[in-house]
>>> print(open('data.cif').read())   # mmCIF, C-alpha atoms
data_run
loop_
_atom_site.label_atom_id
_atom_site.label_comp_id
_atom_site.auth_asym_id
_atom_site.auth_seq_id
_atom_site.Cartn_x
_atom_site.Cartn_y
_atom_site.Cartn_z
CA MET Z 1 94.49 -77.05 19.91
CA ASN Z 2 91.29 -76.38 21.91
CA ASN Z 3 89.02 -73.56 20.76
CA ILE Z 4 86.90 -71.25 22.92
CA ILE Z 5 83.48 -70.58 21.51
CA LYS Z 6 81.93 -67.12 21.72
CA SER Z 7 78.95 -65.63 19.93
CA TRP Z 8 78.17 -62.38 18.13
CA ASN Z 9 74.89 -61.56 16.37
CA GLY Z 10 73.81 -65.17 16.88
CA ARG Z 11 76.88 -66.58 15.10
CA THR Z 12 79.70 -68.61 16.68
CA ILE Z 13 83.13 -66.97 17.00
CA ARG Z 14 86.06 -69.37 17.53
CA ILE Z 15 89.09 -68.21 19.52
CA ARG Z 16 92.20 -70.36 19.80
CA SER Z 17 94.21 -70.67 22.97
CA ASP Z 18 97.03 -68.67 21.29
CA ARG Z 19 94.48 -65.80 20.96
CA TYR Z 20 94.11 -66.15 17.16
CA VAL Z 21 90.51 -65.42 16.16
CA SER Z 22 88.61 -66.93 13.23
CA LEU Z 23 88.27 -64.11 10.70
CA THR Z 24 85.84 -66.34 8.79
CA ASP Z 25 83.47 -66.48 11.79
CA MET Z 26 83.85 -62.74 12.38
CA ALA Z 27 83.00 -61.97 8.75
CA GLN Z 28 79.89 -64.18 8.83
CA ALA Z 29 78.71 -62.56 12.08
CA SER Z 30 79.13 -59.08 10.57
CA SER Z 31 78.01 -59.88 6.99
CA LYS Z 32 81.46 -58.93 5.67
CA ASN Z 33 84.04 -60.57 3.38
CA VAL Z 34 87.57 -61.27 4.63
CA ASN Z 35 89.12 -60.88 1.15
CA ASP Z 36 87.61 -57.39 0.82
CA PHE Z 37 89.45 -56.41 3.99
CA LEU Z 38 92.73 -58.00 2.93
CA ARG Z 39 92.67 -56.22 -0.47
CA LEU Z 40 92.58 -52.75 1.11
CA ASP Z 41 95.76 -50.68 0.76
CA LYS Z 42 95.53 -49.65 4.43
CA THR Z 43 95.29 -53.31 5.44
CA LYS Z 44 98.32 -54.26 3.31
CA SER Z 45 100.35 -51.39 4.76
CA TYR Z 46 99.32 -52.34 8.32
CA LEU Z 47 100.16 -56.04 7.81
CA ASN Z 48 103.58 -55.23 6.34
CA THR Z 49 104.41 -52.89 9.23
CA LEU Z 50 103.22 -55.43 11.82
CA SER Z 51 105.21 -58.17 10.09
CA SER Z 52 108.39 -56.12 10.29
CA LYS Z 53 107.83 -55.56 14.02
CA THR Z 54 106.86 -59.14 15.00
CA GLY Z 55 108.88 -61.14 12.49
CA TYR Z 56 105.79 -63.10 11.43
CA PRO Z 57 105.06 -63.37 7.71
CA VAL Z 58 101.91 -61.68 6.50
CA MET Z 59 100.15 -64.86 5.35
CA ALA Z 60 100.62 -68.63 5.54
CA GLN Z 61 98.57 -71.45 4.04
CA GLU Z 62 100.60 -74.39 5.32
CA GLN Z 63 99.95 -76.42 8.45
CA GLY Z 64 102.21 -75.67 11.40
CA PHE Z 65 103.44 -72.40 9.94
CA GLN Z 66 102.51 -69.33 11.98
CA ALA Z 67 101.73 -66.00 10.27
CA LEU Z 68 99.69 -62.89 10.82
CA VAL Z 69 96.92 -64.36 8.67
CA GLU Z 70 96.58 -68.15 8.51
CA VAL Z 71 94.36 -69.96 6.03
CA LYS Z 72 93.42 -73.51 7.08
CA LYS Z 73 91.96 -75.65 4.30
CA GLY Z 74 92.26 -79.36 3.50
CA GLY Z 75 94.11 -81.56 5.97
CA ALA Z 76 93.14 -79.49 8.99
CA THR Z 77 90.58 -80.67 11.54
CA PRO Z 78 87.09 -79.19 11.14
CA SER Z 79 87.59 -77.02 14.23
CA GLU Z 80 90.64 -75.36 12.61
CA THR Z 81 89.32 -74.66 9.10
CA GLY Z 82 88.92 -71.10 7.86
CA THR Z 83 90.97 -67.92 7.93
CA TRP Z 84 92.55 -67.03 11.28
CA GLY Z 85 94.01 -63.70 12.31
CA HIS Z 86 96.68 -62.61 14.77
CA PRO Z 87 95.14 -60.89 17.84
CA LYS Z 88 96.10 -57.44 16.56
CA VAL Z 89 94.88 -58.29 13.06
CA SER Z 90 91.61 -59.56 14.53
CA ILE Z 91 91.06 -56.28 16.35
CA ARG Z 92 91.89 -54.36 13.15
CA PHE Z 93 89.39 -56.48 11.21
CA ALA Z 94 86.73 -55.99 13.92
CA GLN Z 95 87.24 -52.20 13.71
CA TRP Z 96 86.64 -52.44 9.98
CA CYS Z 97 83.41 -54.34 10.67
CA SER Z 98 82.05 -52.05 13.44
CA ASP Z 99 83.23 -50.15 16.51
CA GLU Z 100 81.01 -52.20 18.83
CA PHE Z 101 82.38 -55.45 17.46
CA ALA Z 102 85.92 -54.15 17.83
CA VAL Z 103 85.42 -53.37 21.51
CA GLN Z 104 83.97 -56.85 22.16
CA VAL Z 105 86.86 -58.65 20.39
CA ASP Z 106 89.34 -56.49 22.29
CA ILE Z 107 87.71 -57.57 25.59
CA TRP Z 108 87.81 -61.25 24.60
CA ILE Z 109 91.49 -61.12 23.73
CA ASP Z 110 92.40 -59.22 26.92
CA GLU Z 111 90.56 -61.79 29.02
CA LEU Z 112 92.31 -64.62 27.26
CA LEU Z 113 95.66 -62.89 27.72
CA THR Z 114 95.19 -62.26 31.47
CA THR Z 115 93.22 -65.34 32.56
CA GLY Z 116 94.01 -67.91 29.93
CA ARG Z 117 90.34 -68.18 28.88
CA VAL Z 118 87.37 -66.02 28.00
CA GLU Z 119 84.73 -65.59 30.72
CA LEU Z 120 81.17 -64.34 30.55
CA PRO Z 121 79.96 -61.81 33.13
CA THR Z 122 78.25 -63.26 36.20
CA ASN Z 123 76.93 -62.10 39.54
CA THR Z 124 78.47 -64.99 41.53
CA PRO Z 125 80.58 -63.45 44.36
CA ALA Z 126 84.06 -64.66 45.26
CA PRO Z 127 84.46 -66.68 48.48
CA LYS Z 128 85.42 -64.80 51.62
CA ASN Z 129 89.12 -64.44 52.48
CA CYS Z 130 89.99 -65.11 48.82
CA THR Z 131 92.33 -62.73 47.03
CA SER Z 132 91.57 -64.05 43.51
CA PRO Z 133 88.12 -64.16 41.86
CA ALA Z 134 86.21 -67.41 42.21
CA PRO Z 135 85.83 -69.43 39.00
CA GLN Z 136 82.49 -68.82 37.36
CA PHE Z 137 82.42 -71.64 34.81
CA ILE Z 138 83.49 -75.22 34.43
CA ALA Z 139 85.34 -75.68 31.12
CA ARG Z 140 84.08 -78.92 29.55
CA LYS Z 141 86.18 -80.14 26.60
CA LEU Z 142 84.40 -81.87 23.72
CA ASN Z 143 85.79 -82.59 20.23
CA GLY Z 144 88.41 -79.86 20.52
CA PHE Z 145 85.96 -77.25 21.78
CA VAL Z 146 85.32 -75.80 25.22
CA VAL Z 147 81.71 -76.12 26.38
CA GLU Z 148 81.01 -73.94 29.41
CA GLN Z 149 78.88 -74.94 32.40
CA ARG Z 150 77.95 -72.30 34.95
CA ILE Z 151 78.97 -73.20 38.49
CA ALA Z 152 76.19 -71.20 40.13
CA ASP Z 153 73.17 -72.94 38.56
CA GLY Z 154 74.64 -75.72 36.36
CA TYR Z 155 73.30 -74.30 33.08
CA ILE Z 156 75.31 -75.49 30.05
CA ASN Z 157 76.07 -73.53 26.88
CA ALA Z 158 73.96 -75.47 24.37
CA THR Z 159 75.19 -73.30 21.48
CA ALA Z 160 78.78 -74.43 22.09
CA LEU Z 161 77.57 -78.02 22.58
CA SER Z 162 75.81 -77.90 19.21
CA TYR Z 163 78.93 -76.54 17.54
CA ALA Z 164 81.04 -79.31 19.09
CA TYR Z 165 78.59 -81.87 17.70
CA GLN Z 166 79.21 -80.43 14.22
CA GLN Z 167 82.71 -81.90 14.29
CA LEU Z 168 81.36 -85.49 14.39
CA PRO Z 169 78.88 -85.96 11.50
CA GLY Z 170 79.84 -82.77 9.70
CA LYS Z 171 76.50 -81.01 10.23
CA ARG Z 172 75.01 -78.95 12.96
CA ARG Z 173 71.82 -79.46 14.97
CA GLU Z 174 70.47 -76.09 16.15
CA VAL Z 175 69.21 -75.74 19.72
CA GLN Z 176 66.59 -73.19 18.57
CA ASN Z 177 65.01 -75.84 16.33
CA TRP Z 178 64.94 -78.31 19.23
CA LEU Z 179 63.21 -75.78 21.51
CA LYS Z 180 60.44 -75.30 18.92
CA ASN Z 181 59.53 -79.01 18.90
CA LYS Z 182 56.18 -79.88 20.46
CA ALA Z 183 57.77 -82.81 22.30
CA THR Z 184 60.41 -80.44 23.78
CA GLN Z 185 57.74 -78.03 25.01
CA GLU Z 186 55.82 -80.87 26.69
CA LEU Z 187 59.06 -82.08 28.27
CA MET Z 188 59.78 -78.57 29.61
CA GLU Z 189 56.37 -78.44 31.27
CA GLN Z 190 57.03 -81.79 32.97
CA ILE Z 191 60.47 -80.72 34.19
CA SER Z 192 59.41 -77.23 35.36
CA ALA Z 193 56.42 -78.39 37.46
CA PRO Z 194 58.35 -80.04 40.36
CA LEU Z 195 60.95 -77.24 40.23
CA PHE Z 196 58.23 -74.58 40.67
CA LEU Z 197 59.59 -72.74 37.64
CA PRO Z 198 57.86 -71.54 34.47
CA PRO Z 199 58.93 -73.57 31.38
CA ILE Z 200 60.55 -70.50 29.85
CA ALA Z 201 62.98 -70.29 32.80
CA LEU Z 202 64.61 -73.59 31.77
CA TYR Z 203 66.59 -71.82 29.06
CA GLN Z 204 68.36 -68.45 28.87
CA ILE Z 205 69.81 -66.53 25.94
CA THR Z 206 72.92 -64.47 26.72
CA ASN Z 207 75.02 -62.74 24.04
CA GLY Z 208 73.55 -65.04 21.39
CA ASN Z 209 74.31 -68.21 23.39
CA VAL Z 210 71.50 -70.50 24.56
CA TRP Z 211 72.00 -71.89 28.08
CA LEU Z 212 69.93 -74.92 29.17
CA HIS Z 213 68.93 -76.06 32.66
CA PRO Z 214 70.83 -79.18 33.88
CA ASN Z 215 67.63 -81.27 33.81
CA LEU Z 216 66.91 -80.15 30.24
CA VAL Z 217 70.35 -80.12 28.62
CA VAL Z 218 70.74 -83.91 28.96
CA ASN Z 219 67.68 -84.45 26.75
CA PHE Z 220 69.08 -82.00 24.20
CA ALA Z 221 72.42 -83.82 24.22
CA PHE Z 222 70.77 -87.20 23.50
CA TRP Z 223 68.69 -85.52 20.75
CA THR Z 224 71.94 -84.21 19.28
CA SER Z 225 73.67 -87.62 19.21
CA GLU Z 226 73.90 -90.87 21.15
CA GLU Z 227 77.61 -90.25 21.67
CA ILE Z 228 77.30 -86.79 23.26
CA GLY Z 229 74.28 -87.63 25.44
CA PRO Z 230 76.13 -89.81 28.00
CA ILE Z 231 78.98 -87.29 28.19
CA VAL Z 232 76.68 -84.42 29.09
CA GLU Z 233 74.75 -86.62 31.52
CA LYS Z 234 78.04 -87.31 33.30
CA TRP Z 235 78.77 -83.57 33.50
CA VAL Z 236 75.40 -82.93 35.16
CA LYS Z 237 75.92 -85.74 37.68
CA GLU Z 238 79.37 -84.36 38.59
CA TRP Z 239 77.90 -80.88 39.10
CA ASN Z 240 75.05 -82.26 41.25
CA SER Z 241 77.46 -84.29 43.41
CA LYS Z 242 79.39 -81.15 44.31
CA LEU Z 243 76.20 -79.52 45.59
CA VAL Z 244 75.24 -82.37 48.00
CA PRO Z 245 76.71 -81.68 51.50
CA ASN Z 246 78.22 -84.37 53.72
CA GLN Z 247 75.56 -86.45 55.47
CA PRO Z 248 75.42 -85.80 59.24
CA THR Z 249 75.98 -88.62 61.76
CA ASN Z 250 73.23 -89.99 63.99
CA GLN Z 251 74.67 -88.09 66.94
CA GLN Z 252 74.63 -84.84 64.97
CA LEU Z 253 71.06 -85.56 63.91
CA GLY Z 254 70.08 -86.14 67.54
CA ILE Z 255 71.62 -82.84 68.58
CA GLN Z 256 69.86 -81.04 65.76
CA ILE Z 257 66.51 -82.63 66.68
CA ALA Z 258 66.94 -81.74 70.38
CA ASP Z 259 67.84 -78.20 69.43
CA SER Z 260 64.75 -78.02 67.20
CA PHE Z 261 62.50 -79.22 70.06
CA SER Z 262 64.07 -76.63 72.38
CA ARG Z 263 63.36 -73.89 69.86
CA ILE Z 264 59.79 -75.13 69.47
CA GLN Z 265 59.25 -75.00 73.24
CA THR Z 266 60.70 -71.49 73.40
CA LEU Z 267 58.44 -70.47 70.57
CA GLN Z 268 55.43 -72.03 72.36
CA ILE Z 269 56.21 -70.06 75.53
CA THR Z 270 56.52 -66.91 73.49
CA LEU Z 271 53.21 -67.59 71.77
CA ASP Z 272 51.49 -68.26 75.12
CA SER Z 273 52.83 -65.00 76.52
CA LEU Z 274 51.73 -63.17 73.42
CA TRP Z 275 48.27 -64.72 73.61
CA GLU Z 276 47.93 -63.70 77.27
CA THR Z 277 48.91 -60.16 76.37
CA VAL Z 278 46.33 -60.11 73.60
CA GLU Z 279 43.62 -61.39 75.97
CA ASN Z 280 44.47 -58.74 78.58
CA LEU Z 281 44.43 -56.07 75.95
CA ARG Z 282 41.08 -57.31 74.63
CA GLU Z 283 39.49 -57.31 78.12
CA SER Z 284 40.84 -53.83 78.85
CA THR Z 285 39.58 -52.54 75.54
CA VAL Z 286 36.11 -54.06 76.05
CA GLU Z 287 35.87 -52.58 79.56
CA LYS Z 288 36.84 -49.14 78.33
CA LEU Z 289 34.29 -49.37 75.52
CA LEU Z 290 31.53 -50.33 77.97
CA GLN Z 291 32.42 -47.42 80.26
CA ARG Z 292 32.41 -45.10 77.31
CA MET Z 293 29.01 -46.38 76.20
CA GLU Z 294 27.56 -45.90 79.70
CA GLY Z 295 28.89 -42.35 79.80
CA LEU Z 296 27.36 -41.62 76.41
CA GLU Z 297 24.03 -43.11 77.52
CA LYS Z 298 23.96 -40.90 80.65
CA ALA Z 299 24.86 -37.84 78.63
CA THR Z 300 22.09 -38.66 76.16
CA ILE Z 301 19.52 -38.99 78.98
CA GLU Z 302 20.62 -35.64 80.46
CA VAL Z 303 20.36 -33.95 77.09
CA GLU Z 304 16.90 -35.42 76.54
CA SER Z 305 15.72 -34.24 80.01
CA GLN Z 306 17.11 -30.76 79.42
CA THR Z 307 15.45 -30.64 76.02
CA VAL Z 308 12.09 -31.65 77.50
CA GLN Z 309 12.40 -28.89 80.10
CA GLU Z 310 13.28 -26.32 77.47
CA ILE Z 311 10.35 -27.45 75.35
CA GLY Z 312 8.04 -27.11 78.39
CA GLY Z 313 9.33 -23.58 79.01
CA LEU Z 314 8.77 -22.71 75.37
CA GLN Z 315 5.21 -24.03 75.57
CA LEU Z 316 4.52 -21.81 78.60
CA LYS Z 317 5.93 -18.79 76.77
CA VAL Z 318 3.83 -19.60 73.72
CA GLU Z 319 0.68 -19.89 75.86
CA SER Z 320 1.44 -16.55 77.59
CA LEU Z 321 2.07 -14.90 74.25
CA SER Z 322 -1.21 -16.34 72.94
CA GLU Z 323 -3.06 -14.84 75.90
CA LYS Z 324 -1.46 -11.44 75.31
CA ILE Z 325 -2.31 -11.62 71.63
CA SER Z 326 -5.91 -12.53 72.47
CA HIS Z 327 -6.11 -9.66 74.97
CA GLN Z 328 -4.59 -7.23 72.50
CA TRP Z 329 -6.95 -8.47 69.83
CA GLY Z 330 -9.89 -7.82 72.18
CA GLN Z 331 -8.66 -4.28 72.82
CA THR Z 332 -8.30 -3.77 69.07
CA GLU Z 333 -11.87 -4.90 68.52
CA GLY Z 334 -13.05 -2.46 71.32
CA PHE Z 335 -11.18 0.39 69.67
CA ALA Z 336 -12.74 -0.46 66.32
CA GLU Z 337 -16.20 -0.38 67.91
CA MET Z 338 -15.49 2.98 69.55
CA MET Z 339 -14.28 4.44 66.25
CA LYS Z 340 -17.52 3.39 64.64
CA ARG Z 341 -19.48 5.22 67.37
CA VAL Z 342 -17.36 8.36 66.94
CA GLU Z 343 -17.83 8.31 63.17
CA LYS Z 344 -21.56 7.88 63.67
CA LEU Z 345 -21.67 10.96 66.00
CA LEU Z 346 -19.70 12.97 63.46
CA GLU Z 347 -22.09 12.00 60.69
CA GLU Z 348 -25.08 12.96 62.84
CA LYS Z 349 -23.51 16.33 63.65
CA SER Z 350 -22.69 17.05 60.03
CA SER Z 351 -26.24 16.16 58.96
CA THR Z 352 -27.78 18.80 61.41
CA PRO Z 353 -25.51 21.90 61.27
CA SER Z 354 -28.18 24.28 62.71
CA THR Z 355 -28.15 22.69 66.07
CA THR Z 356 -25.29 22.00 68.40
CA PRO Z 357 -26.20 19.08 70.59
CA SER Z 358 -24.02 18.29 73.46
CA VAL Z 359 -22.21 15.05 73.09
CA THR Z 360 -21.68 13.11 76.27
CA VAL Z 361 -19.22 10.27 76.14
CA ASN Z 362 -19.29 7.79 78.99
CA VAL Z 363 -15.79 6.85 80.13
CA SER Z 364 -16.92 3.30 80.81
CA THR Z 365 -17.60 2.86 77.09
CA ILE Z 366 -13.91 3.34 76.34
CA SER Z 367 -12.42 1.56 79.31
CA ALA Z 368 -11.14 -1.15 77.00
CA LEU Z 369 -9.42 1.36 74.67
CA PRO Z 370 -5.59 1.08 74.66
CA SER Z 371 -3.78 4.19 75.86
CA LEU Z 372 -1.75 4.54 72.69
CA ASP Z 373 -4.91 4.39 70.57
CA ALA Z 374 -6.60 6.97 72.85
CA ARG Z 375 -3.82 9.47 72.14
CA GLN Z 376 -4.20 8.90 68.44
CA VAL Z 377 -7.97 9.44 68.63
CA ILE Z 378 -7.51 12.70 70.62
CA ARG Z 379 -5.12 14.05 67.99
CA GLN Z 380 -7.52 13.03 65.23
CA LEU Z 381 -10.47 14.74 66.95
CA ILE Z 382 -8.51 18.02 67.32
CA ASN Z 383 -7.25 17.86 63.73
CA ASP Z 384 -10.74 17.27 62.34
CA TYR Z 385 -12.31 20.01 64.53
CA SER Z 386 -9.63 22.49 63.52
CA ALA Z 387 -10.27 21.68 59.88
CA ARG Z 388 -14.01 22.18 60.24
CA THR Z 389 -13.95 25.42 62.29
CA GLY Z 390 -10.69 27.03 61.20
CA ILE Z 391 -9.54 27.37 64.83
CA GLY Z 392 -5.84 26.65 65.30
CA GLN Z 393 -4.80 23.37 66.77
CA MET Z 394 -2.61 25.05 69.43
CA GLN Z 395 -5.64 26.99 70.70
CA LEU Z 396 -7.72 23.82 70.81
CA TRP Z 397 -5.05 21.95 72.76
CA GLN Z 398 -4.83 24.80 75.34
CA LYS Z 399 -8.63 24.84 75.66
CA LEU Z 400 -8.64 21.06 76.27
CA TYR Z 401 -5.94 21.16 78.94
CA ARG Z 402 -7.59 24.18 80.78
CA GLU Z 403 -10.90 22.35 80.95
CA PHE Z 404 -9.09 19.18 82.11
CA SER Z 405 -7.34 21.16 84.93
CA ARG Z 406 -10.61 22.84 85.97
CA ARG Z 407 -12.58 19.63 86.02
CA TYR Z 408 -10.06 17.32 87.67
CA HIS Z 409 -7.96 19.92 89.53
CA VAL Z 410 -4.76 18.71 87.88
CA CYS Z 411 -2.27 21.05 86.22
CA ILE Z 412 -0.56 19.07 83.50
CA ASP Z 413 1.96 21.89 82.84
CA GLN Z 414 3.40 21.59 86.32
CA CYS Z 415 3.74 17.79 86.03
CA GLN Z 416 5.39 17.91 82.58
CA ASN Z 417 9.13 17.62 82.01
CA LYS Z 418 11.15 18.31 78.92
CA LYS Z 419 11.18 14.69 77.75
CA GLN Z 420 7.40 14.11 78.01
CA SER Z 421 4.45 15.41 76.09
CA LYS Z 422 1.25 16.44 77.93
CA LEU Z 423 -0.49 13.36 76.54
CA GLU Z 424 2.26 11.17 78.03
CA VAL Z 425 1.83 13.00 81.39
CA ALA Z 426 -1.91 12.28 81.34
CA GLU Z 427 -1.17 8.69 80.43
CA GLY Z 428 1.37 8.44 83.25
CA MET Z 429 -1.29 9.75 85.68
CA GLY Z 430 -3.68 7.05 84.45
CA MET Z 431 -6.15 9.67 83.16
CA ILE Z 432 -5.72 9.32 79.38
CA ARG Z 433 -9.21 7.94 78.98
CA GLU Z 434 -10.72 10.87 80.95
CA LEU Z 435 -8.84 13.26 78.67
CA TYR Z 436 -10.15 11.40 75.66
CA ALA Z 437 -13.74 11.61 76.99
CA MET Z 438 -13.41 15.39 77.35
CA ALA Z 439 -11.97 15.71 73.79
CA ALA Z 440 -14.89 13.73 72.44
CA GLU Z 441 -17.39 15.98 74.29
CA MET Z 442 -15.70 19.19 73.16
CA PHE Z 443 -14.63 18.46 69.56
CA ALA Z 444 -16.66 15.49 68.28
#
>>> encode(input="data.cif", output="structure tokens")
Amino acid sequence: MNNIIKSWNGRTIRIRSDRYVSLTDMAQASSKNVNDFLRLDKTKSYLNTLSSKTGYPVMAQEQGFQALVEVKKGGATPSETGTWGHPKVSIRFAQWCSDEFAVQVDIWIDELLTTGRVELPTNTPAPKNCTSPAPQFIARKLNGFVVEQRIADGYINATALSYAYQQLPGKRREVQNWLKNKATQELMEQISAPLFLPPIALYQITNGNVWLHPNLVVNFAFWTSEEIGPIVEKWVKEWNSKLVPNQPTNQQLGIQIADSFSRIQTLQITLDSLWETVENLRESTVEKLLQRMEGLEKATIEVESQTVQEIGGLQLKVESLSEKISHQWGQTEGFAEMMKRVEKLLEEKSSTPSTTPSVTVNVSTISALPSLDARQVIRQLINDYSARTGIGQMQLWQKLYREFSRRYHVCIDQCQNKKQSKLEVAEGMGMIRELYAMAAEMFA
């Protein structure tokens, strides 16, 4: 009877084609003891009830006698030794071990019941127009065991291969130990280089099973034994032969070559057209850039010319302002000189109070005096005279304007409006300096 090899927690789980599962393997994978499970009162009650329903005895230790629990010892082949459980008993035992283990065993048994074998999950899609799923593995039989080879990439289950080898010499050679060898690592580097794969990609670990690349698994098989090596090498050659397509005839090759040349010519035409488009675009872009640069250059020249003109205008304004300042400064200096003369006259008058000399002020001496300053001096003269004599300022102003009207035959009152003072009227008539000269004669 052929066994299907599965793995749990890194330990092999054997499943027979009649769906009986090795309770010994399950216990080792879960660190449990089968006898502890069988001694439970709940287990005994369950086995008795199941026996009454199925007609199978609870336990059998003889070859060829089927029971709910079968113990295979001496006389059985190595692949059949151990304690085996009915599918329902196996699920019950897995539930006692752990819920996760129970679910996995339940899945294995359901797959075996519906498909006749246990499959591993894969991403290989089914062929088109096919109502049933495409096979995912090739079942290789060796020493009563099924060793799986993946159809998609040819990887072989090295864990199952190692377990099948155990049936020959009675001991097992672990694939993990082989992978750790220095010679194996050097071999993996040599194999992976032409395949453009990293060495670690030559083996995969799935659900505790180690899967080896087709180019690597042959070396492992020969390392395992000289008997298994040629068998595995044959498997790999068969898998490779199914991947090689039928060789085309010379006529088909000629057609393919002509078609390739036609595609190359079409591609060349397309490239030429694309290159022409690129050239046109480049020329158009360069022309636009040159035009843009010329426009910017003209605009820069215009801005520079306008700036020069504005600077010239500013220079003229500065020169005119300098002249005005110089002229104003000259007037200020003339006013200062006149004030010195007035102060000198006042000092002379105060030093000789017994006499009252007449003070004659020549208008030409104050021709450079600004009109605004002349008004200020007139006010100052009247204020000082009023302070010295005690005569009211209003009376002094009236006296000044009467003398001005008599002397120059101008009546300031008649020329005055509400918005102008009499000083402003005299200034508007251009006679502010004459008025100042009279004030200096009368009140200095």
>>> atom_distance(input="data.cif", atom1="atom CA of Z:Leu314", atom2="atom CA of Z:Gly295")
28.5 Å
>>> residues_around(input="data.cif", residues="Z:Leu202", least_positions_apart="4", cutoff="9 Å", atoms="only C-alpha atoms", output="PDB file with C-alpha atoms, in the frame of the given file")
ATOM      1  CA  TYR Z 155      73.300 -74.300  33.080  1.00  0.00           C
ATOM      2  CA  MET Z 188      59.780 -78.570  29.610  1.00  0.00           C
ATOM      3  CA  ILE Z 191      60.470 -80.720  34.190  1.00  0.00           C
ATOM      4  CA  SER Z 192      59.410 -77.230  35.360  1.00  0.00           C
ATOM      5  CA  LEU Z 197      59.590 -72.740  37.640  1.00  0.00           C
ATOM      6  CA  PRO Z 198      57.860 -71.540  34.470  1.00  0.00           C
ATOM      7  CA  TRP Z 211      72.000 -71.890  28.080  1.00  0.00           C
ATOM      8  CA  LEU Z 212      69.930 -74.920  29.170  1.00  0.00           C
ATOM      9  CA  HIS Z 213      68.930 -76.060  32.660  1.00  0.00           C
ATOM     10  CA  PRO Z 214      70.830 -79.180  33.880  1.00  0.00           C
ATOM     11  CA  ASN Z 215      67.630 -81.270  33.810  1.00  0.00           C
ATOM     12  CA  LEU Z 216      66.910 -80.150  30.240  1.00  0.00           C
TER      13      LEU Z 216
END
>>> resolve_selection(input="data.cif", expression="the PyMOL selection byres ((chain Z and resi 17) around 7)", output="list of chain:residue names")
Z:Asn2, Z:Asn3, Z:Ile15, Z:Arg16, Z:Asp18, Z:Arg19
>>> resolve_selection(input="data.cif", expression="the PyMOL selection byres ((chain Z and resi 90-93) around 9)", output="list in words")
Tyr20, Val21, Ser22, Leu23, Met26, Ala27, Val34, Phe37, Thr43, Trp84, Gly85, His86, Pro87, Lys88, Val89, Ala94, Gln95, Trp96, Cys97, Ser98, Phe101, Ala102, Val103, Val105, Asp106 and Ile109 of chain Z
>>> resolve_selection(input="data.cif", expression="the PyMOL selection byres ((chain Z and resi 439) around 12)", output="PyMOL selection string")
chain Z and resi 342+359-363+374-385+396-404+432-438+440-444
>>> closest_residue(input="data.cif", among="Z:Val303, Z:Trp223, Z:Ile138, Z:Glu319", to="Z:Trp178", atoms="all atoms listed in the file")
Z:Trp223
>>> residues_around(input="data.cif", residues="Z:Ile228", least_positions_apart="3", cutoff="12 Å", atoms="only C-alpha atoms", output="PyMOL selection string")
chain Z and resi 141-143+147+158+161-169+217-225+231-235
>>> closest_residue(input="data.cif", among="Z:Ser45, Z:Asn9, Z:Thr277, Z:Gln136", to="Z:Glu100", atoms="all atoms listed in the file")
Z:Asn9
>>> atom_distance(input="data.cif", atom1="atom CA of Z:Lys422", atom2="atom CA of Z:Ser405")
12.0 Å
>>> closest_residue(input="data.cif", among="Z:Ile301, Z:Leu38, Z:Ala152, Z:Met431", to="Z:Val69", atoms="only C-alpha atoms")
Z:Leu38
>>> atom_distance(input="data.cif", atom1="atom CA of Z:Glu238", atom2="atom CA of Z:Asn177")
27.8 Å
>>> decode(input="data.cif", residues="stretch 221-230 of chain Z", atoms="N, CA and C atoms", output="PDB file, in the first residue's frame")
ATOM      1  N   ALA Z 221      20.020  13.423  -4.502  1.00  0.00           N
ATOM      2  CA  ALA Z 221      19.629  12.020  -4.624  1.00  0.00           C
ATOM      3  C   ALA Z 221      20.854  11.105  -4.664  1.00  0.00           C
ATOM      4  N   PHE Z 222      21.895  11.486  -5.420  1.00  0.00           N
ATOM      5  CA  PHE Z 222      23.118  10.677  -5.460  1.00  0.00           C
ATOM      6  C   PHE Z 222      23.826  10.697  -4.112  1.00  0.00           C
ATOM      7  N   TRP Z 223      23.749  11.832  -3.378  1.00  0.00           N
ATOM      8  CA  TRP Z 223      24.334  11.893  -2.034  1.00  0.00           C
ATOM      9  C   TRP Z 223      23.587  10.967  -1.093  1.00  0.00           C
ATOM     10  N   THR Z 224      22.255  10.833  -1.339  1.00  0.00           N
ATOM     11  CA  THR Z 224      21.458   9.957  -0.483  1.00  0.00           C
ATOM     12  C   THR Z 224      21.858   8.495  -0.699  1.00  0.00           C
ATOM     13  N   SER Z 225      21.840   8.047  -1.955  1.00  0.00           N
ATOM     14  CA  SER Z 225      22.270   6.673  -2.261  1.00  0.00           C
ATOM     15  C   SER Z 225      22.496   6.548  -3.761  1.00  0.00           C
ATOM     16  N   GLU Z 226      23.321   5.595  -4.141  1.00  0.00           N
ATOM     17  CA  GLU Z 226      23.607   5.334  -5.553  1.00  0.00           C
ATOM     18  C   GLU Z 226      22.403   4.723  -6.253  1.00  0.00           C
ATOM     19  N   GLU Z 227      21.490   4.122  -5.499  1.00  0.00           N
ATOM     20  CA  GLU Z 227      20.304   3.525  -6.105  1.00  0.00           C
ATOM     21  C   GLU Z 227      19.251   4.579  -6.443  1.00  0.00           C
ATOM     22  N   ILE Z 228      19.078   5.561  -5.556  1.00  0.00           N
ATOM     23  CA  ILE Z 228      18.026   6.571  -5.762  1.00  0.00           C
ATOM     24  C   ILE Z 228      18.465   7.636  -6.760  1.00  0.00           C
ATOM     25  N   GLY Z 229      19.772   7.914  -6.851  1.00  0.00           N
ATOM     26  CA  GLY Z 229      20.266   8.962  -7.737  1.00  0.00           C
ATOM     27  C   GLY Z 229      19.813   8.819  -9.172  1.00  0.00           C
ATOM     28  N   PRO Z 230      20.020   7.646  -9.821  1.00  0.00           N
ATOM     29  CA  PRO Z 230      19.576   7.498 -11.214  1.00  0.00           C
ATOM     30  C   PRO Z 230      18.077   7.627 -11.388  1.00  0.00           C
TER      31      PRO Z 230
END
